[in-house]
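Encoded as structure tokens, the structure appears first; notes follow it.
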Amino acid sequence: MKIIVIEDDKNIASMITLTLRIRWPEAEIENSYLGRDGISAIETQNPDLVILDLGLPDMNGFDVIREIRQFSNVSIIILTVHREDDDIIAGLELGADDYIIKPFKQLEFLSRIKAVMRRREINAIEVDIKQGKYKLDSQKRIFFVDDKIITLTHIENIIMRLILQAQGKIVTNSALTNALWGYDYPGSLESLRVCIYRLRNKIEKDPKNPAIIKTRTGYGYFLGDD
């Protein structure tokens with residue numbers, strides 16, 4: 001496994017590197033202390049995982065995610081000192097796979113990494129999923145509806161895959177949050193609602209009266225048959 005750590009605090013970067021080497025002694029780990037250097041390293045080395053601090057001295061961490069997602073689908077775990085839901089949701093919607101709030105415990109850090117890598121393996125199994133007039137290429141994260149070709153974020157791709165696979169049955173809120181983040185964290189339901197809202201704005205003709213992603217209030221979501 002190849003890992004790139006983008007963290008400007010050298011003490012934290014060293015601690016992360018040591019933790020990773022203890023758990024995965026065979027892993028190739030590289031530290032970048034600036035966002036721009038990290039992006040260049042990802043482009044040339046094609047890592048399996050990126051650990052990204054949002055508070056970098058040369059550029060905004062959200063901009064780093066945006067640039068990475070232009071050329072790579074690498075797993076990204078963001079590090080942040082902020083507990084605000086808006087920041088967390090923004091990072092996840094831009095394409096991060098998970099987040100960890102500083103300071104964090106080593107066991108929590110390792111469990112999050114293992115969960116992200118496990119979900120990546122599971123989500124890579126399905127390539128093309130068809131249900132009625134809808135089609136999802138989950139490998140390329142492209143959704144086809146009518147004459148539209150819509151590129152999805154990593155999170156949107158997982159949501160659509162689960163809803164299509166359910167074939168009109170309800171996918172519960174808990175099933176979705178666990179597939180996205182591996183657990184129900186405080187505020188996960190609100191994060192899910194925001195993700196669904198943004199996804200509907202992409203794929204629905206009328207997001208206020210959705211025909212593709214229907215809601216069972218308080219329970220979950222299901223595929224419409226309109």
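By order of appearance in the structure tokens: chains A, B, ..., then residues from 1 within every chain, and ligands from 1 in the order shown.
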> Skipping near chain neighbours, those fewer than 5 positions away, what residues fall within 12 Å of Ser111 (chain A) using only C-alpha atoms, listed as an NGL selection string?
Replying inline: :A and (19-20 or 23 or 77 or 98-100 or 104-106 or 116-118 or 181-183)
>> Please extract the residues of region 39-164 of chain A with a backbone DSSP assignment of alpha helix (DSSP H) and present them as number ranges by chain.
In response: A: 39-45, 61-69, 85-94, 106-123, 154-164
If we count only C-alpha atoms and set the cut-off at 12 Å, which residues sit around region 133-145 of chain A, ignoring sequence neighbours fewer than 6 positions away in its own chain? Please answer as a CSV table (one decimal) with C-alpha atoms, in the first residue's frame.
```csv
chain,number,residue,atom,x,y,z
A,69,ARG,CA,-10.6,14.8,-7.9
A,71,PHE,CA,-7.4,13.4,-12.1
A,72,SER,CA,-7.7,10.7,-9.3
A,73,ASN,CA,-10.2,8.6,-7.4
A,95,GLY,CA,-14.9,13.8,-2.7
A,120,ARG,CA,-13.4,1.0,-1.6
A,121,GLU,CA,-12.9,-2.7,-2.2
A,122,ILE,CA,-16.6,-3.4,-1.9
A,123,ASN,CA,-17.7,-0.4,-4.0
A,124,ALA,CA,-15.3,-1.4,-6.8
A,125,ILE,CA,-17.0,-4.8,-7.3
A,126,GLU,CA,-20.0,-3.4,-9.2
A,127,VAL,CA,-19.2,-1.8,-12.5
A,151,THR,CA,-20.7,12.8,-13.2
A,152,LEU,CA,-21.1,12.0,-9.5
A,153,THR,CA,-18.9,12.5,-6.5
A,154,HIS,CA,-17.7,9.4,-4.6
A,155,ILE,CA,-20.4,9.7,-2.0
A,156,GLU,CA,-23.1,10.3,-4.7
A,157,ASN,CA,-21.9,7.2,-6.5
A,158,ILE,CA,-22.4,5.0,-3.4
A,159,ILE,CA,-25.8,6.5,-2.7
A,160,MET,CA,-27.0,5.8,-6.3
A,161,ARG,CA,-25.5,2.3,-6.3
A,162,LEU,CA,-27.4,1.3,-3.2
A,163,ILE,CA,-30.7,2.8,-4.3
A,164,LEU,CA,-30.5,1.2,-7.8
A,165,GLN,CA,-29.5,-2.2,-6.3
A,167,GLN,CA,-34.8,-2.1,-7.1
A,199,LEU,CA,-27.5,14.7,-5.6
A,202,LYS,CA,-27.9,17.1,-10.2
A,203,ILE,CA,-30.1,14.3,-11.5
A,204,GLU,CA,-33.7,15.4,-11.0
A,205,LYS,CA,-35.7,17.5,-13.5
A,211,ALA,CA,-39.0,11.3,-9.4
A,212,ILE,CA,-35.7,9.3,-9.1
A,213,ILE,CA,-34.9,9.4,-5.4
A,223,LEU,CA,-36.0,4.5,-6.4
A,224,GLY,CA,-39.0,6.0,-8.1
A,225,ASP,CA,-40.6,4.4,-11.1
A,226,ASP,CA,-41.7,7.5,-13.0
```
> Counting only C-alpha atoms, what is within 10 Å of Lys208 (chain A), bar same-chain residues fewer than 5 positions away, as a VMD selection string?
Replying inline: chain A and resid 197 200 to 201
> Could you pull the residues within 8 Å of Ile6 (chain A), counting only C-alpha atoms, minus those fewer than 5 positions along the same chain, as a ChimeraX atom specification?
Replying inline: /A:13,31-35,38,50-53
Output N, CA and C atoms for every residue in the selection just made, as a PDB file, in the first residue's frame.
```pdb
ATOM      1  N   ALA A  13       2.762  14.890  11.415  1.00  0.00           N
ATOM      2  CA  ALA A  13       3.102  14.051  10.263  1.00  0.00           C
ATOM      3  C   ALA A  13       3.958  12.864  10.690  1.00  0.00           C
ATOM      4  N   ASN A  31       5.651  11.999   3.052  1.00  0.00           N
ATOM      5  CA  ASN A  31       5.099  13.202   3.675  1.00  0.00           C
ATOM      6  C   ASN A  31       5.261  14.408   2.761  1.00  0.00           C
ATOM      7  N   SER A  32       4.182  15.164   2.623  1.00  0.00           N
ATOM      8  CA  SER A  32       4.228  16.453   1.925  1.00  0.00           C
ATOM      9  C   SER A  32       3.726  17.502   2.905  1.00  0.00           C
ATOM     10  N   TYR A  33       4.440  18.607   3.012  1.00  0.00           N
ATOM     11  CA  TYR A  33       4.094  19.627   3.990  1.00  0.00           C
ATOM     12  C   TYR A  33       3.324  20.794   3.374  1.00  0.00           C
ATOM     13  N   LEU A  34       3.165  20.768   2.061  1.00  0.00           N
ATOM     14  CA  LEU A  34       2.398  21.785   1.342  1.00  0.00           C
ATOM     15  C   LEU A  34       1.382  21.105   0.433  1.00  0.00           C
ATOM     16  N   GLY A  35       0.255  21.768   0.235  1.00  0.00           N
ATOM     17  CA  GLY A  35      -0.778  21.209  -0.610  1.00  0.00           C
ATOM     18  C   GLY A  35      -0.323  20.979  -2.034  1.00  0.00           C
ATOM     19  N   GLY A  38       1.862  18.006  -2.323  1.00  0.00           N
ATOM     20  CA  GLY A  38       1.069  16.790  -2.179  1.00  0.00           C
ATOM     21  C   GLY A  38       0.346  16.416  -3.453  1.00  0.00           C
ATOM     22  N   VAL A  50      -4.697   8.919   0.711  1.00  0.00           N
ATOM     23  CA  VAL A  50      -4.167  10.243   1.038  1.00  0.00           C
ATOM     24  C   VAL A  50      -4.742  10.674   2.380  1.00  0.00           C
ATOM     25  N   ILE A  51      -3.862  11.073   3.293  1.00  0.00           N
ATOM     26  CA  ILE A  51      -4.264  11.686   4.559  1.00  0.00           C
ATOM     27  C   ILE A  51      -4.033  13.186   4.399  1.00  0.00           C
ATOM     28  N   LEU A  52      -5.090  13.988   4.455  1.00  0.00           N
ATOM     29  CA  LEU A  52      -5.007  15.405   4.100  1.00  0.00           C
ATOM     30  C   LEU A  52      -5.463  16.305   5.237  1.00  0.00           C
ATOM     31  N   ASP A  53      -4.570  17.162   5.703  1.00  0.00           N
ATOM     32  CA  ASP A  53      -4.929  18.201   6.665  1.00  0.00           C
ATOM     33  C   ASP A  53      -5.591  19.357   5.911  1.00  0.00           C
TER      34      ASP A  53
END
```
